[in-house]
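The file target14.txt comes next; it holds compact mmCIF, C-alpha atoms.
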```txt
# COMPACT_ATOMS: atom_id res chain seq x y z
CA MET A 1 20.27 203.97 -130.97
CA ASP A 2 18.25 206.90 -129.65
CA LEU A 3 15.35 205.91 -127.36
CA CYS A 4 12.81 208.31 -128.89
CA ARG A 5 13.87 207.44 -132.41
CA LEU A 6 13.75 203.77 -131.48
CA ILE A 7 10.13 203.86 -130.38
CA GLY A 8 9.01 205.92 -133.34
CA SER A 9 11.28 204.38 -135.94
CA GLY A 10 9.78 203.56 -139.31
CA ALA A 11 6.47 205.31 -138.71
CA PRO A 12 5.06 208.44 -137.05
CA MET A 13 5.17 208.31 -133.27
CA ARG A 14 1.91 206.76 -132.07
CA LEU A 15 0.22 207.66 -128.81
CA ILE A 16 -1.83 204.86 -127.28
CA HIS A 17 -3.93 204.83 -124.13
CA LEU A 18 -3.33 201.57 -122.30
CA ASN A 19 -5.14 200.02 -119.36
CA LEU A 20 -2.88 197.51 -117.61
CA PHE A 21 -4.52 194.72 -115.65
CA GLU A 22 -3.18 191.68 -113.86
CA SER A 23 -4.61 188.45 -115.18
CA ARG A 24 -4.92 187.01 -111.68
CA SER A 25 -7.58 188.03 -109.23
CA ARG A 26 -5.20 188.55 -106.32
CA CYS A 27 -2.10 190.65 -105.96
CA SER A 28 1.14 188.68 -106.19
CA SER A 29 2.97 190.99 -103.80
CA PRO A 30 2.46 189.75 -100.24
CA SER A 31 3.74 193.01 -98.79
CA ALA A 32 1.19 195.20 -100.52
CA SER A 33 -2.54 195.48 -100.20
CA SER A 34 -4.67 195.49 -103.34
CA SER A 35 -5.19 199.21 -102.87
CA ARG A 36 -1.44 199.86 -103.29
CA CYS A 37 -0.17 197.16 -105.63
CA PRO A 38 0.51 198.50 -109.16
CA ALA A 39 -0.62 195.20 -110.69
CA CYS A 40 -4.11 195.56 -109.25
CA LEU A 41 -4.77 199.08 -110.42
CA GLN A 42 -5.97 200.47 -113.72
CA VAL A 43 -3.93 203.12 -115.48
CA THR A 44 -6.22 205.59 -117.19
CA ALA A 45 -5.47 208.52 -119.43
CA ALA A 46 -6.80 212.01 -118.82
CA ARG A 47 -10.00 212.71 -120.70
CA GLY A 48 -10.00 215.09 -123.59
CA PRO A 49 -10.00 215.19 -127.38
CA PRO A 50 -7.70 212.59 -128.97
CA HIS A 51 -4.35 213.63 -130.35
CA PRO A 52 -4.22 213.62 -134.19
CA GLN A 53 -1.81 210.67 -134.07
CA GLU A 54 -3.59 208.86 -131.25
CA GLN A 55 -4.99 205.39 -131.79
CA PRO A 56 -7.98 203.85 -129.99
CA GLY A 57 -7.08 202.57 -126.55
CA ARG A 58 -6.95 198.91 -125.60
CA THR A 59 -6.72 196.77 -122.50
CA VAL A 60 -3.44 194.94 -121.91
CA VAL A 61 -3.49 191.90 -119.63
CA LEU A 62 -0.48 190.63 -117.73
CA ASP A 63 1.21 187.69 -119.47
CA ALA A 64 1.79 185.32 -116.57
CA SER A 65 4.47 183.36 -118.43
CA SER A 66 6.75 186.40 -118.75
CA ASP A 67 5.30 188.50 -115.91
CA SER A 68 5.05 191.44 -118.29
CA TYR A 69 2.73 193.37 -120.61
CA LEU A 70 3.22 193.41 -124.39
CA LEU A 71 2.64 197.01 -125.47
CA PHE A 72 3.95 197.17 -129.03
CA GLU A 73 5.72 195.05 -131.61
CA ASP A 74 6.67 195.43 -135.24
CA ARG A 75 9.32 193.91 -137.48
CA ARG A 76 12.09 195.89 -135.75
CA PHE A 77 11.20 196.32 -132.09
CA VAL A 78 9.17 194.95 -129.21
CA VAL A 79 8.17 197.05 -126.20
CA LYS A 80 7.07 195.44 -122.95
CA ALA A 81 6.16 196.81 -119.52
CA PHE A 82 6.85 195.29 -116.11
CA ARG A 83 5.53 196.08 -112.65
CA LEU A 84 7.35 198.15 -110.04
CA PHE A 85 6.65 198.86 -106.39
CA HIS A 86 5.96 202.50 -105.55
CA ARG A 87 3.41 204.44 -103.54
CA ILE A 88 1.26 204.75 -106.66
CA PRO A 89 1.09 202.52 -109.78
CA SER A 90 4.46 202.50 -111.51
CA PHE A 91 5.94 200.54 -114.38
CA GLY A 92 9.21 199.97 -116.14
CA PHE A 93 9.70 199.45 -119.85
CA CYS A 94 11.93 197.23 -121.97
CA ILE A 95 12.57 198.27 -125.57
CA LYS A 96 14.18 195.37 -127.42
CA GLU A 97 15.43 195.42 -130.97
CA HIS A 98 14.94 192.16 -132.86
CA ASP A 99 18.10 190.35 -133.88
CA ARG A 100 19.49 191.33 -137.28
CA PRO A 101 20.48 188.80 -139.93
CA GLY A 102 24.17 188.02 -140.04
CA ARG A 103 26.41 188.88 -142.96
CA LEU A 104 26.22 186.86 -146.15
CA LYS A 105 29.06 184.41 -146.78
CA THR A 106 29.92 185.98 -150.12
CA GLU A 107 32.76 183.59 -150.95
CA LEU A 108 30.45 180.60 -150.50
CA LEU A 109 27.79 182.28 -152.62
CA LYS A 110 30.31 182.81 -155.42
CA GLU A 111 31.28 179.14 -155.25
CA LEU A 112 27.61 178.30 -155.66
CA GLY A 113 27.46 180.49 -158.74
CA LEU A 114 25.33 183.24 -157.23
CA LYS A 115 26.13 186.83 -158.11
CA PRO A 116 25.19 189.94 -156.07
CA GLY A 117 21.64 190.99 -156.77
CA PRO A 118 18.03 190.19 -155.83
CA LEU A 119 18.87 186.63 -154.79
CA TYR A 120 21.30 187.96 -152.19
CA ALA A 121 18.51 190.10 -150.74
CA GLN A 122 16.19 187.08 -150.75
CA LEU A 123 18.67 185.00 -148.77
CA LYS A 124 19.35 187.92 -146.41
CA ALA A 125 15.61 188.08 -145.74
CA GLY A 126 15.63 184.43 -144.69
CA LYS A 127 14.07 183.02 -147.85
CA PRO A 128 15.49 180.01 -149.74
CA VAL A 129 16.83 180.26 -153.27
CA THR A 130 16.62 177.53 -155.92
CA LEU A 131 19.65 177.24 -158.20
CA ALA A 132 19.49 176.34 -161.89
CA SER A 133 20.69 172.85 -160.96
CA GLY A 134 17.62 172.44 -158.76
CA ARG A 135 19.51 172.66 -155.51
CA VAL A 136 17.76 174.66 -152.79
CA VAL A 137 20.04 176.99 -150.85
CA LEU A 138 18.77 177.87 -147.37
CA SER A 139 19.60 181.23 -145.85
CA SER A 140 20.99 179.48 -142.77
CA GLU A 141 23.68 177.93 -145.00
CA VAL A 142 25.01 181.23 -146.29
CA LEU A 143 24.44 183.63 -143.38
CA GLU A 144 26.85 184.23 -140.53
CA GLU A 145 25.50 184.34 -136.98
CA ALA A 146 22.73 186.84 -136.29
CA ILE A 147 23.65 190.22 -134.81
CA PRO A 148 22.01 190.51 -131.36
CA GLY A 149 19.40 193.23 -131.03
CA ARG A 150 20.05 196.07 -128.61
CA LYS A 151 18.04 196.50 -125.43
CA VAL A 152 17.17 199.59 -123.39
CA CYS A 153 15.31 199.28 -120.07
CA VAL A 154 13.80 202.24 -118.22
CA PHE A 155 12.56 201.90 -114.63
CA GLY A 156 9.96 204.33 -113.35
CA ASP A 157 9.74 205.47 -109.72
CA CYS A 158 10.31 202.43 -107.52
CA SER A 159 11.90 200.91 -104.46
CA SER A 160 11.82 197.42 -105.99
CA ALA A 161 10.22 195.35 -108.71
CA VAL A 162 6.96 193.41 -108.31
CA GLY A 163 7.43 189.84 -109.51
CA ASP A 164 10.34 188.74 -111.65
CA GLY A 165 9.31 190.39 -114.93
CA ALA A 166 12.01 193.06 -114.63
CA LEU A 167 14.87 190.59 -114.29
CA ARG A 168 13.47 188.39 -117.05
CA LEU A 169 13.16 191.22 -119.54
CA CYS A 170 16.20 193.29 -118.64
CA GLY A 171 18.82 190.54 -118.61
CA GLY A 172 21.81 191.69 -120.66
CA ALA A 173 20.45 195.22 -121.17
CA ASP A 174 22.74 197.54 -123.09
CA VAL A 175 21.38 200.49 -121.11
CA LEU A 176 19.44 200.35 -117.85
CA VAL A 177 17.95 203.62 -116.61
CA HIS A 178 17.13 203.56 -112.90
CA GLU A 179 16.20 206.17 -110.37
CA ALA A 180 18.48 207.11 -107.48
CA THR A 181 16.50 209.68 -105.54
CA LEU A 182 18.62 209.71 -102.38
CA GLY A 183 22.11 208.62 -101.38
CA ASP A 184 22.79 205.26 -99.80
CA GLU A 185 22.97 206.85 -96.34
CA HIS A 186 19.27 207.71 -96.71
CA ARG A 187 18.13 204.26 -97.84
CA ALA A 188 15.44 203.82 -95.18
CA LYS A 189 13.92 207.18 -96.08
CA ALA A 190 14.06 206.38 -99.80
CA GLU A 191 12.37 203.00 -99.38
CA ASP A 192 9.69 204.49 -97.14
CA ARG A 193 8.80 206.87 -99.98
CA GLY A 194 8.97 204.18 -102.65
CA HIS A 195 12.28 205.32 -104.11
CA SER A 196 15.79 203.94 -104.58
CA THR A 197 19.40 204.79 -103.83
CA PRO A 198 22.49 204.34 -106.04
CA GLY A 199 23.34 201.10 -104.25
CA MET A 200 19.86 199.73 -104.89
CA ALA A 201 20.04 200.74 -108.55
CA ALA A 202 23.48 199.15 -108.82
CA ALA A 203 22.14 195.88 -107.40
CA VAL A 204 19.51 195.79 -110.14
CA ALA A 205 22.09 196.53 -112.83
CA ARG A 206 24.34 193.77 -111.51
CA ALA A 207 21.47 191.27 -111.34
CA CYS A 208 20.47 192.16 -114.92
CA ARG A 209 24.07 192.04 -116.18
CA ALA A 210 23.56 195.47 -117.73
CA ARG A 211 26.36 197.07 -119.68
CA ARG A 212 25.58 200.64 -118.63
CA LEU A 213 23.61 202.04 -115.69
CA VAL A 214 22.12 205.51 -116.08
CA LEU A 215 21.09 207.10 -112.79
CA THR A 216 18.22 209.59 -112.82
CA HIS A 217 15.45 211.16 -110.70
CA PHE A 218 17.73 212.87 -108.17
CA SER A 219 16.34 214.74 -105.20
CA GLN A 220 16.63 218.53 -105.47
CA ARG A 221 18.99 218.43 -102.51
CA TYR A 222 21.73 217.18 -104.86
CA LYS A 223 23.43 219.93 -106.80
CA PRO A 224 24.49 219.34 -110.42
CA GLY A 225 28.11 219.88 -111.37
CA PRO A 226 27.94 223.57 -112.46
CA SER A 227 25.93 224.50 -109.35
CA HIS A 228 28.09 222.58 -106.89
CA GLN A 229 30.49 224.53 -104.71
CA ASP A 230 33.40 223.31 -102.64
CA GLY A 231 32.14 222.29 -99.25
CA ASP A 232 28.67 221.29 -100.42
CA GLU A 233 27.82 217.88 -98.98
CA ASP A 234 25.07 217.01 -101.41
CA ASP A 235 26.94 216.73 -104.70
CA VAL A 236 25.15 214.68 -107.36
CA ALA A 237 28.53 213.23 -108.35
CA GLU A 238 28.56 211.40 -105.00
CA LEU A 239 25.56 209.39 -106.17
CA LYS A 240 27.61 208.20 -109.14
CA ARG A 241 30.53 207.31 -106.88
CA GLN A 242 28.24 205.25 -104.63
CA ALA A 243 26.93 203.26 -107.60
CA GLU A 244 30.45 202.75 -108.96
CA ARG A 245 31.64 201.41 -105.62
CA ALA A 246 28.75 198.95 -105.57
CA LEU A 247 29.61 197.84 -109.11
CA GLN A 248 33.34 197.39 -108.71
CA ASP A 249 34.74 194.61 -110.89
CA SER A 250 31.38 194.19 -112.66
CA GLY A 251 32.28 196.05 -115.85
CA VAL A 252 29.09 198.13 -115.63
CA GLU A 253 29.59 201.77 -116.64
CA VAL A 254 27.71 204.37 -114.59
CA THR A 255 26.35 207.59 -116.09
CA LEU A 256 24.43 210.47 -114.49
CA ALA A 257 21.40 211.49 -116.53
CA GLU A 258 21.01 215.12 -117.51
CA ASP A 259 18.77 217.12 -119.80
CA PHE A 260 19.27 216.37 -123.51
CA LEU A 261 21.81 213.63 -122.80
CA THR A 262 22.38 211.38 -125.83
CA LEU A 263 24.08 208.01 -125.43
CA PRO A 264 25.25 205.86 -128.34
CA VAL A 265 24.24 202.20 -128.15
CA PRO A 266 26.60 200.29 -130.45
CA LEU A 267 25.67 197.03 -132.08
CA ARG A 268 27.00 193.88 -130.44
CA ARG A 269 28.86 191.13 -132.16
CA PRO A 270 27.59 187.56 -131.77
CA HIS A 271 28.57 186.08 -128.40
CA GLN A 272 29.69 189.50 -127.15
```
Mind converting the file's structure to structure tokens?
Amino acid sequence: MDLCRLIGSGAPMRLIHLNLFESRSRCSSPSASSSRCPACLQVTAARGPPHPQEQPGRTVVLDASSDSYLLFEDRRFVVKAFRLFHRIPSFGFCIKEHDRPGRLKTELLKELGLKPGPLYAQLKAGKPVTLASGRVVLSSEVLEEAIPGRKVCVFGDCSSAVGDGALRLCGGADVLVHEATLGDEHRAKAEDRGHSTPGMAAAVARACRARRLVLTHFSQRYKPGPSHQDGDEDDVAELKRQAERALQDSGVEVTLAEDFLTLPVPLRRPHQ
């Protein structure tokens, strides 16, 4: 499941200007003034002629029940945003694939006298079928358990989340992308600038029970593999090692992001 393909799947990619507002009059973050809290600020797009594929903008209000913003939904995906703490407004995004219908119990269908064809498709789509005898067969009777939808969560610049929307949405994420600007030894400096370290990113991945953590947004002080030389202290691979140490025995796989990286996101089996 490719992230860009996921968002644009089934239709041309659509560009939408969104203004995100909190539904409450006061900021929910006690440590931030209203002038700094992302939830209290409006996100506006640069003025200019609309893109040919751009749709009219709309205002999105915080859903207090989920502590998130619903940005997009169709029959295959739902995209929501959640608030993050940074020096300027910042958000994270959860792209969730709807569950897929389970496999048809073909042996049971044959026993019922149903042959492969349009009626199979009708049952697969969740619609009942009436047999010649008058019996109504419900899709739930002849479908195996649903296949869980995949979930990709991407955190923007942040030192922490605002509210609990991130943990609510990102629980069980297949892929969690999180910044790790500086190493754990520079945590105070990172937090002061509204950024995170590998250990902080790992704590989020553990809390969300993510399957894979992708670290990104590295400071320029960290040299990528081909540019790293023996003796260099600031090797980007050390950031990965720090996250892996923090995630020992968790089963979370750690990956360093790089340009044009493509990661497969396999389908899960029920209860997996």
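Pairwise distance (CA of Gly163 (chain A), CA of Glu253 (chain A)) equals 26.2 Å.
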*Any idea what's packed within 10 Å of region 140-143 of chain A, counting all atoms listed in the file, ignoring anything in its chain fewer than 2 positions away? Could you give it as a ChimeraX atom specification?*
/A:101-109,120,123-124,126-128,137-138,145-146
*Please, what distance in Å, to one decimal, runs between CA of Leu71 (chain A) and CA of Gly48 (chain A)?*
22.1 Å
*From the set A:His195, A:Gly57, A:His98, A:Arg206, which residue has the shortest atom-to-atom contact distance to Asp249 (chain A), counting only C-alpha atoms?*
A:Arg206
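Residues lying at most 10 Å from (27.2, 196.6, -127.9) in file coordinates, with all atoms listed in the file considered, are A:Pro148, A:Gly149, A:Arg150, A:Lys151, A:Ala173, A:Asp174, A:Val175, A:Arg211, A:Pro264, A:Val265, A:Pro266, A:Leu267, A:Arg268, A:Arg269, A:Pro270, A:Gln272.
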_Nearest residue to Leu84 (chain A) from the set A:Ala203, A:Val129, A:Ala121, A:Val154 (distances using all atoms listed in the file)_ = A:Val154
*With all atoms listed in the file as the basis for distance, which of A:Asp157, A:Asp192, A:Asp99, A:Asp164 is at the shortest distance from Ala180 (chain A)?*
A:Asp157
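With CA of Pro89 (chain A) on one side and CA of Thr59 (chain A) on the other, the separation reads 16.0 Å.
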*Smallest atom-to-atom distance to Ser160 (chain A): which of A:Ala132, A:Ala237, A:Leu119, A:Ala190, using only C-alpha atoms?*
A:Ala190
_Residue with smallest distance to Ser133 (chain A) - pool A:Gly199, A:Gly113, A:Pro224, A:Pro118, counting only C-alpha atoms_ = A:Gly113
Taking all listed atoms of region 99-103 of chain A, build the axis-aligned box, pad each of the six sides by 6 Å, then write its centre and edge lengths in Å to one decimal as lines of an AutoDock Vina configuration file.
```
center_x = 22.3
center_y = 189.7
center_z = -138.4
size_x = 20.3
size_y = 15.3
size_z = 21.1
```
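In terms of minimum interatomic distance to Phe82 (chain A), A:Leu169 ranks closest within A:Val152, A:Leu169, A:Leu112, A:Val60, counting all atoms listed in the file.
Shell of Ala201 (chain A) at 7 Å, with all atoms listed in the file counted and residues fewer than 3 places along the chain excluded, is His178, Glu179, Ala180, Ser196, Thr197, Pro198, Val204 and Ala205 of chain A.
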